[in-house]
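Report on the structure given below.
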Amino acid sequence: MSTAVAEPKTETQRKGGNVVEMSWDPITRIVGSLGIYTKIDFDHKQVLECHSTSSIFRGYSIFMKNKDPRDSHFITSRICGICGDNHATCSVYAQNMAYGIKPPPLGEWIVNLGEAAEYMFDHNIFQDNLVGVDFCELMVKETNPGVWEKALKTEAPHAKEHGYRTIADIMRSLNPFEGEFYRETLQVSRMTREMFCLMEGRHVHPSTLYPGGVGTVPSIQIFTDYLVRLMKYIEFMKKVVPLHDDLFDFFYEALPGYEHVGERRVLLGCWGSFQDPNVCDYDYRTMNAWGNAMFVTPGVVVDGKLVTTNLVDINLGIRILLGSSYYQDWENEETFVTHDPLGNPVDKRHPWNQTTIPKPQKRDFDGNYTWVMSPRWYDKRTGDHLALDTGGGPIARLWATALAGLVDIGYIKATGNSVLIRLPKTAMKPEVEFEWKIPKWSNALERDRARTYFQAYAAMVGLYCCEKALAEVHAGRTQTFTPFKVPNEAIGCGFHEAVRGVLSHHMVIRNGKIANYHPYPPTPWNANPRDVYGTPGPYEDAVQNTPIFEENGPDNFKGIDIMRAVRSFDPCLPCGVHMYLGNGKVLKQLHTPTALMGLAK
Amino acid sequence: MTTGVPQTGANRPPDVKEVHIVWMTTGLGCDGDSVSITAASLPSIEDVVMGAIPGLPKVHLHNPVLAYEVGDDFMKHWFAAAEGRLDPFVLVLEGSVPNERIKKEGYWAAMGTDPATGQPITTNEWIDRLAPKALAVVAVGTCATYGGIHAMEGNPTGAMGLADYLGWNWKSKAGLPIINVPGCPVQPDNMMEVLLYLLYQVAGLAPIIPLDDQLRPTWLFGKTVHEGCDRGSYYEQGDFAHEYGSPKCLVKLGCWGPVVNCNVTKRGWMDGIGGCPNVGGICIGCTMPGFPDKFMPFMDAPPGSLVSTSVLGIYGPVVRFLRGITNHTVNKEPKWRHSRASLSTGYEPRHYARN
């Protein structure tokens, strides 16, 4: 029961609404702890209000102070237990900048191969062992028996490619532990993690990754072992992409209006992924050039338009607002970086200048209710602090890459409005070209669909990098590491894509020690609370827009549409969020005109 | 149903028919140990849950990363366990235990909401409710076992390991000490094998699990990284790597393998693949009670390694003696990890100190 949640003072009113307070805490099948607290109008089948809360604080920025800067990738890897290597990599990027070094090309290709394997693994396990359960037979029967009936009668358009005759067959194959496809993806998630271990030693906290490169011994064998597994994965993709297209298209068809589940304004951020060693020198002053050479293009997309692909602009626009979180402001604390290396002023609310000061307190949904701060991106055109989301990663990556039209590595080509992904012949299947097209909405189903396409994308970047790495080995260029010295004073920043979206690390070194370090992973961007301007965070926003299609009433309500909306962002909060399903408490049945404004100002 | 399969040995009916595994991920952690067990194949999580191995009780796993249920539907198992209605169960804790006593209000780590107050129920409260009811308590990963990364010097939460919180001599209602399975994260098959052993024990098919003085299963942590490392022969020849990427012994680059209890060099990371010094990664001591502080800065050669590498061969017994001393030191947690109502990590809170 979740009936004891303190009743907010602001009354939610809506004409004729049977408004019930409902919460889900914890939200399971994600990484970390997340709670979602909502008010739902069952008469109008609409979520009226949503708060997202995170219930864990650890204090990385605090305990990293005064430590050796070379320890930072080992430490920050431990931020996340499913994409820790993304943190380690991002930290290495920031360290490379601070130390003024550039790894040998082979070292860079090996890091790219590790990261490609991480995307292949992580999207795979999340999509079909965690999110997939929301679309499985057990769940659909429980929440929407009508949809299950329809699924039984609906032929899967791509049955030939994936082998499941009806949509119901697909749903059955997703049942936890017993479903055939569930079990197969779990096994594939192991094979891809083996690929990761070949490059970086251990999953999820790598052992062979260092600033300056890697300690991996670049034998012919590791690339052979990687390549053979990769080709199996590529063959698997030829089944997985059409399977998900069929499943998600079916939901649009079976439940007209489903496009509004989890929908929000197109406000997407992508910080770019996969360095091109021929261009990247980790110098801040040339960051725009090497950022644009990445194999996933960085970018900010607002209302479907690409605002910038320049990492310098992206960097300078980051603002951390306290919002409704349990911290003291740092307005009067030290300013570490007044100007970037190009002479641009750096804001006091930028991560380089943040001081984290925790202030544990009671949870109050009208005041402070979470350990997550509110990152925003300052749009200098309008003066808005945009609540960008990452859409769980892939939708933002594909959208920015498609619009920018910069990536062209043969296996992948960005066209300006789509991304072509070309898979070569594999043992049992001919070559295939997939095209991810910019969707009409930024919503739950499109976030999930993009994830599947990005699995194929990552695999093809993997194949490209594997060929490049082998060429280095064949040419006898087997150096994987560049020695370095830690300067007494330096700053650095790293930009990367964690599996579920934007990732940045900002470091300040003084007296050879860490003076300030602030990592910003994707989930703070997605899971944050209302900020000082009252703007809700993306989960809150997306859930507040969600219509309810579940057939159950308040008494046995599962909240499946809300779950699909939240999980589409691939929540990863080893820094907290809980969802919590209660039988609910009827707040009020009101008969006054709508007064929803004010929630989302 | 009668077949010719004998109902004896591992195939006999278990002493206990069903057992629940209540797995808490809300310590200060990263969920890396839950993710890790999905990588295990010897046995895999599905092998255990689906009964692929003979003789085991039926297993009901309640883990938030893998659960079908959400929110209250999920939490009902927790409340049932706390009230003694979910019996028997094994409690698994992932993440370090914060010190909730060092501040006046609020919480560092919590799960679920207390119906009486509307406030979150802290992780520590859950441990207090569940540990006395559990058949066995397992701490998984170095955070839960000894404090780990989040218990680093200067930390604001006063984080510690489970044994620091419950007491090192704590025993479950079945008389079992806490079982520590360290590793950051835990090596996948190590954890699944410990669960398998415990299930065998519950089924009446194995004796009490053998543990060392740090409460680690002896068959997993009885040897050092160095003793299992295939680069040991380079060490023996005095042939050391001076740069990362070299296939030689990494001791001079920061590898702590000679004094760290861990089987990763023997077992690899997944099904024999990967690992640490065996594949070019320095050992940073991530399984140890002294982790991370006693191993930092990680990329510097461990003190004493220069002595031992220069006296090699002639003074084997001396080296073993010196290593024994270092091994003893790194097998101890730093002194600021404790459950007293004060913070002694070096961090000075401005807004929450009790006094």
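FYI, nothing fancy with the structure tokens labels: chains A, B, ... in order, residues from 1 per chain, ligands from 1 as they appear.
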
Enumerate as a list in words all residues of segment 159-208 of chain B assigned to alpha helix (DSSP H) by DSSP on the backbone, naming them with the chain letters and numbers the document uses. Leu162, Ala163, Asp164, Tyr165, Leu166, Pro188, Asp189, Asn190, Met191, Met192, Glu193, Val194, Leu195, Leu196, Tyr197, Leu198, Leu199, Tyr200, Gln201, Val202 and Ala203 of chain B

Neighbours of Leu135 of chain B within 7 Å (only C-alpha atoms; same-chain residues fewer than 2 positions away dropped), as an MDAnalysis selection string? chainID B and resid 88:90 133 172:174

Convert the current residue selection to file output with C-alpha atoms, as a compact mmCIF listing (two decimals), in the first residue's frame.
# COMPACT_ATOMS: atom_id res chain seq x y z
CA PRO B 88 13.09 -19.98 4.90
CA PHE B 89 14.96 -17.25 3.07
CA VAL B 90 18.53 -16.28 2.37
CA LYS B 133 14.72 -13.86 10.30
CA SER B 172 22.07 -16.18 11.72
CA LYS B 173 19.20 -17.99 13.41
CA ALA B 174 20.62 -21.18 11.84

Excluding Phe79 of chain B and residues on its chain fewer than 3 positions from it, collect all residues at most 12 Å away from it, counting only C-alpha atoms, and give them as number ranges by chain. A: 1; B: 22, 72-76, 82-86, 111-115, 121, 125-126, 129-130, 133

Skip Cys184 of chain B itself and residues of its chain fewer than 4 positions away, then list as an MDAnalysis selection string all residues within 8 Å of it, counting only C-alpha atoms. (chainID A and resid 78 205) or (chainID B and resid 32:33 141:143 286:287)

Contacts from chain B to chain A, 6 Å maximum, only C-alpha atoms: show me the residue list as a VMD selection string. chain B and resid 30 to 32 39 64 to 66 70 to 72 105 to 106 108 to 110 112 115 118 154 to 155 244 to 245 269 274 to 276 280 to 281 297 351

Selected residues, C-alpha atoms, written as an mmCIF file, in the first residue's frame, please.
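Everything below was put into selection.cif:
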data_model
loop_
_atom_site.group_PDB
_atom_site.id
_atom_site.type_symbol
_atom_site.label_atom_id
_atom_site.label_comp_id
_atom_site.auth_asym_id
_atom_site.auth_seq_id
_atom_site.Cartn_x
_atom_site.Cartn_y
_atom_site.Cartn_z
ATOM 1 C CA CYS B 30 26.098 0.214 -8.204
ATOM 2 C CA ASP B 31 23.993 -2.942 -8.793
ATOM 3 C CA GLY B 32 27.120 -4.353 -10.409
ATOM 4 C CA ALA B 39 26.920 -13.008 -16.695
ATOM 5 C CA PRO B 64 14.822 -5.799 -8.061
ATOM 6 C CA VAL B 65 16.936 -5.861 -11.207
ATOM 7 C CA LEU B 66 15.276 -9.034 -12.486
ATOM 8 C CA VAL B 70 6.990 -3.653 -9.429
ATOM 9 C CA GLY B 71 6.488 -1.443 -6.388
ATOM 10 C CA ASP B 72 4.151 -2.839 -3.719
ATOM 11 C CA GLU B 105 17.226 13.543 9.657
ATOM 12 C CA GLY B 106 16.798 12.284 6.125
ATOM 13 C CA TRP B 108 21.399 8.003 2.704
ATOM 14 C CA ALA B 109 19.828 4.846 1.305
ATOM 15 C CA ALA B 110 16.269 3.607 1.360
ATOM 16 C CA GLY B 112 9.939 1.598 -0.050
ATOM 17 C CA PRO B 115 3.041 3.603 5.787
ATOM 18 C CA GLY B 118 5.222 8.581 4.577
ATOM 19 C CA GLY B 154 36.704 11.414 3.149
ATOM 20 C CA ASN B 155 33.318 9.854 2.407
ATOM 21 C CA TYR B 244 51.188 -1.050 -20.162
ATOM 22 C CA GLY B 245 50.491 -3.372 -23.074
ATOM 23 C CA TRP B 269 36.247 -13.211 -15.661
ATOM 24 C CA GLY B 274 39.460 -11.971 -19.273
ATOM 25 C CA GLY B 275 40.686 -11.205 -15.796
ATOM 26 C CA CYS B 276 43.226 -8.794 -14.406
ATOM 27 C CA GLY B 280 47.259 -6.797 -18.792
ATOM 28 C CA GLY B 281 45.319 -5.122 -15.995
ATOM 29 C CA PRO B 297 47.337 5.509 -5.927
ATOM 30 C CA HIS B 351 24.695 20.604 7.381
#

For segment 183-220 of chain B versus segment 317-338 of chain B, which residues have an atom no more than 12 Å away, and what is each residue's nearest atom pair and distance in Å rounded to one decimal, using only C-alpha atoms, chain-then-number order, as a tab-separated table?
residue	atom	partner	partner_atom	distance
B:Asp212	CA	B:Asn331	CA	11.4
B:Asp213	CA	B:Asn331	CA	9.6
B:Gln214	CA	B:Asn331	CA	7.7
B:Leu215	CA	B:Asn331	CA	11.3
B:Arg216	CA	B:Asn331	CA	11.4

Let me see the file: selected residues, C-alpha atoms, as a CSV table (one decimal), in the first residue's frame.
chain,number,residue,atom,x,y,z
B,212,ASP,CA,38.2,-17.9,6.5
B,213,ASP,CA,38.7,-15.2,9.2
B,214,GLN,CA,37.4,-12.5,6.8
B,215,LEU,CA,34.3,-14.7,6.3
B,216,ARG,CA,35.2,-15.6,2.7

Counting only C-alpha atoms, what are the residues of segment 90-154 of chain A within 10 Å of segment 536-552 of chain A, and for each of them which pair of atoms is the nearest and at what distance in Å, to one decimal? Sort the table by chain and rising number, as a tab-separated table.
residue	atom	partner	partner_atom	distance
A:Val140	CA	A:Glu550	CA	9.2
A:Glu142	CA	A:Asn552	CA	8.4
A:Thr143	CA	A:Glu550	CA	5.5
A:Asn144	CA	A:Glu551	CA	5.3
A:Pro145	CA	A:Glu551	CA	7.6
A:Gly146	CA	A:Glu551	CA	8.2
A:Val147	CA	A:Glu551	CA	9.6

Enumerate, as number ranges by chain, the complete set of residues in segment 189-435 of chain A that a backbone-based DSSP assignment places in strand (DSSP E or B). A: 209-210, 213-214, 264, 267-270, 273, 296, 299-302, 305-308, 318-321, 325, 327, 339, 345, 358, 370, 374-379, 384-386, 389, 408, 412-414, 418-423, 432-435

Can I get the selected residues back with C-alpha atoms, as a JSON list (two decimals), in the first residue's frame?
[["chain", "number", "residue", "atom", "x", "y", "z"],
["A", 209, "LEU", "CA", 41.89, 0.64, -19.32],
["A", 210, "TYR", "CA", 44.21, 3.57, -18.53],
["A", 213, "GLY", "CA", 45.59, 3.76, -23.75],
["A", 214, "VAL", "CA", 45.15, 0.18, -22.66],
["A", 264, "ARG", "CA", 7.35, 14.67, -24.61],
["A", 267, "LEU", "CA", 14.49, 17.88, -26.48],
["A", 268, "LEU", "CA", 17.34, 15.48, -27.00],
["A", 269, "GLY", "CA", 21.00, 15.56, -26.07],
["A", 270, "CYS", "CA", 23.82, 13.33, -27.35],
["A", 273, "SER", "CA", 30.71, 8.32, -29.02],
["A", 296, "VAL", "CA", 28.20, 8.87, -33.27],
["A", 299, "GLY", "CA", 24.32, 17.17, -30.90],
["A", 300, "VAL", "CA", 21.43, 18.97, -29.26],
["A", 301, "VAL", "CA", 18.08, 18.46, -31.01],
["A", 302, "VAL", "CA", 15.24, 20.85, -30.14],
["A", 305, "LYS", "CA", 16.09, 20.80, -35.34],
["A", 306, "LEU", "CA", 19.80, 20.35, -34.76],
["A", 307, "VAL", "CA", 20.93, 23.28, -32.61],
["A", 308, "THR", "CA", 24.63, 22.42, -32.49],
["A", 318, "ILE", "CA", 25.64, 22.70, -19.17],
["A", 319, "ARG", "CA", 24.02, 24.08, -16.01],
["A", 320, "ILE", "CA", 23.40, 22.20, -12.80],
["A", 321, "LEU", "CA", 20.34, 23.47, -10.96],
["A", 325, "SER", "CA", 17.06, 18.01, -4.24],
["A", 327, "TYR", "CA", 21.74, 19.80, -1.35],
["A", 339, "HIS", "CA", 37.37, 30.60, -18.53],
["A", 345, "PRO", "CA", 33.59, 32.39, -19.69],
["A", 358, "PRO", "CA", 24.76, 17.25, 0.87],
["A", 370, "THR", "CA", 15.25, 13.46, -4.16],
["A", 374, "SER", "CA", 18.54, 19.01, -12.19],
["A", 375, "PRO", "CA", 21.00, 19.29, -15.08],
["A", 376, "ARG", "CA", 19.83, 21.67, -17.81],
["A", 377, "TRP", "CA", 21.26, 22.94, -21.08],
["A", 378, "TYR", "CA", 21.28, 26.68, -21.50],
["A", 379, "ASP", "CA", 20.04, 27.63, -24.95],
["A", 384, "ASP", "CA", 15.90, 28.85, -21.76],
["A", 385, "HIS", "CA", 17.28, 26.23, -19.42],
["A", 386, "LEU", "CA", 16.24, 23.21, -21.46],
["A", 389, "ASP", "CA", 16.53, 14.08, -22.08],
["A", 408, "ASP", "CA", 29.98, 7.62, -43.25],
["A", 412, "ILE", "CA", 26.93, 3.12, -41.53],
["A", 413, "LYS", "CA", 25.83, 6.25, -43.34],
["A", 414, "ALA", "CA", 23.97, 9.25, -41.96],
["A", 418, "SER", "CA", 17.91, 8.82, -41.52],
["A", 419, "VAL", "CA", 20.71, 6.43, -40.69],
["A", 420, "LEU", "CA", 21.57, 3.49, -42.93],
["A", 421, "ILE", "CA", 23.01, 0.43, -41.22],
["A", 422, "ARG", "CA", 24.45, -2.20, -43.56],
["A", 423, "LEU", "CA", 25.03, -5.72, -42.29],
["A", 432, "VAL", "CA", 20.74, -6.67, -44.99],
["A", 433, "GLU", "CA", 20.36, -2.89, -44.94],
["A", 434, "PHE", "CA", 18.33, -1.34, -42.14],
["A", 435, "GLU", "CA", 17.22, 2.28, -42.23]]

Selection near Asp41 of chain A, 8 Å with only C-alpha atoms, sequence-local residues under 3 positions removed, as number ranges by chain: A: 17-20, 44-48

Convert the current residue selection to file output with N, CA and C atoms, as a PDB file, in the first residue's frame.
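File written: selection06.pdb
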ATOM      1  N   GLY A  17     -13.046  14.474 -12.413  1.00  0.00           N
ATOM      2  CA  GLY A  17     -11.994  13.492 -12.256  1.00  0.00           C
ATOM      3  C   GLY A  17     -12.138  12.614 -11.031  1.00  0.00           C
ATOM      4  N   ASN A  18     -11.886  11.324 -11.209  1.00  0.00           N
ATOM      5  CA  ASN A  18     -11.795  10.408 -10.083  1.00  0.00           C
ATOM      6  C   ASN A  18     -10.298  10.226  -9.853  1.00  0.00           C
ATOM      7  N   VAL A  19      -9.746  11.118  -9.046  1.00  0.00           N
ATOM      8  CA  VAL A  19      -8.284  11.220  -8.963  1.00  0.00           C
ATOM      9  C   VAL A  19      -7.741  10.335  -7.838  1.00  0.00           C
ATOM     10  N   VAL A  20      -6.828   9.461  -8.204  1.00  0.00           N
ATOM     11  CA  VAL A  20      -6.270   8.535  -7.234  1.00  0.00           C
ATOM     12  C   VAL A  20      -4.759   8.711  -7.192  1.00  0.00           C
ATOM     13  N   HIS A  44     -10.736   9.987 -16.733  1.00  0.00           N
ATOM     14  CA  HIS A  44     -10.221  10.465 -18.018  1.00  0.00           C
ATOM     15  C   HIS A  44      -9.014   9.667 -18.490  1.00  0.00           C
ATOM     16  N   LYS A  45      -8.674   8.626 -17.742  1.00  0.00           N
ATOM     17  CA  LYS A  45      -7.567   7.749 -18.136  1.00  0.00           C
ATOM     18  C   LYS A  45      -6.299   8.563 -18.422  1.00  0.00           C
ATOM     19  N   GLN A  46      -5.918   9.390 -17.462  1.00  0.00           N
ATOM     20  CA  GLN A  46      -4.796  10.286 -17.676  1.00  0.00           C
ATOM     21  C   GLN A  46      -3.979  10.431 -16.398  1.00  0.00           C
ATOM     22  N   VAL A  47      -2.655  10.482 -16.534  1.00  0.00           N
ATOM     23  CA  VAL A  47      -1.817  10.809 -15.385  1.00  0.00           C
ATOM     24  C   VAL A  47      -1.815  12.328 -15.237  1.00  0.00           C
ATOM     25  N   LEU A  48      -2.057  12.805 -14.038  1.00  0.00           N
ATOM     26  CA  LEU A  48      -2.144  14.249 -13.836  1.00  0.00           C
ATOM     27  C   LEU A  48      -0.838  14.831 -13.327  1.00  0.00           C
TER      28      LEU A  48
END

Contacts of Lys440 of chain A at 12 Å or less, counting only C-alpha atoms, minus same-chain residues fewer than 2 places along, as a list of chain:residue names? A:Glu259, A:His260, A:Glu263, A:Arg264, A:Arg265, A:Val266, A:Asp303, A:Gly304, A:Ile395, A:Trp399, A:Asn417, A:Lys437, A:Ile438, A:Ser442, A:Asn443, A:Leu445, A:Glu446, A:Arg447

Generate the output file for the selected residues, C-alpha atoms, as a PDB file, in the first residue's frame.
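Wrote part17.pdb, looks like this:
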ATOM      1  CA  GLU A 259       2.029   7.321 -29.489  1.00  0.00           C
ATOM      2  CA  HIS A 260       1.250   9.583 -26.521  1.00  0.00           C
ATOM      3  CA  GLU A 263       5.606  11.392 -25.192  1.00  0.00           C
ATOM      4  CA  ARG A 264       7.349  14.670 -24.612  1.00  0.00           C
ATOM      5  CA  ARG A 265       8.648  17.573 -26.639  1.00  0.00           C
ATOM      6  CA  VAL A 266      11.675  16.663 -28.756  1.00  0.00           C
ATOM      7  CA  ASP A 303      11.819  20.386 -31.739  1.00  0.00           C
ATOM      8  CA  GLY A 304      13.385  18.248 -34.418  1.00  0.00           C
ATOM      9  CA  ILE A 395      16.968   7.771 -30.007  1.00  0.00           C
ATOM     10  CA  TRP A 399      18.520  11.556 -34.231  1.00  0.00           C
ATOM     11  CA  ASN A 417      17.125  12.457 -42.202  1.00  0.00           C
ATOM     12  CA  LYS A 437      14.143   7.021 -39.977  1.00  0.00           C
ATOM     13  CA  ILE A 438      13.514  10.041 -37.768  1.00  0.00           C
ATOM     14  CA  SER A 442       9.821  11.253 -28.949  1.00  0.00           C
ATOM     15  CA  ASN A 443       7.801   8.646 -27.060  1.00  0.00           C
ATOM     16  CA  LEU A 445       7.798   3.043 -28.337  1.00  0.00           C
ATOM     17  CA  GLU A 446      10.229   5.080 -30.445  1.00  0.00           C
ATOM     18  CA  ARG A 447      12.798   5.121 -27.651  1.00  0.00           C
TER      19      ARG A 447
END

Separating atom CA of Arg172 of chain A from atom CA of Ala156 of chain A, to the nearest tenth of an Å, is a gap of 13.2 Å
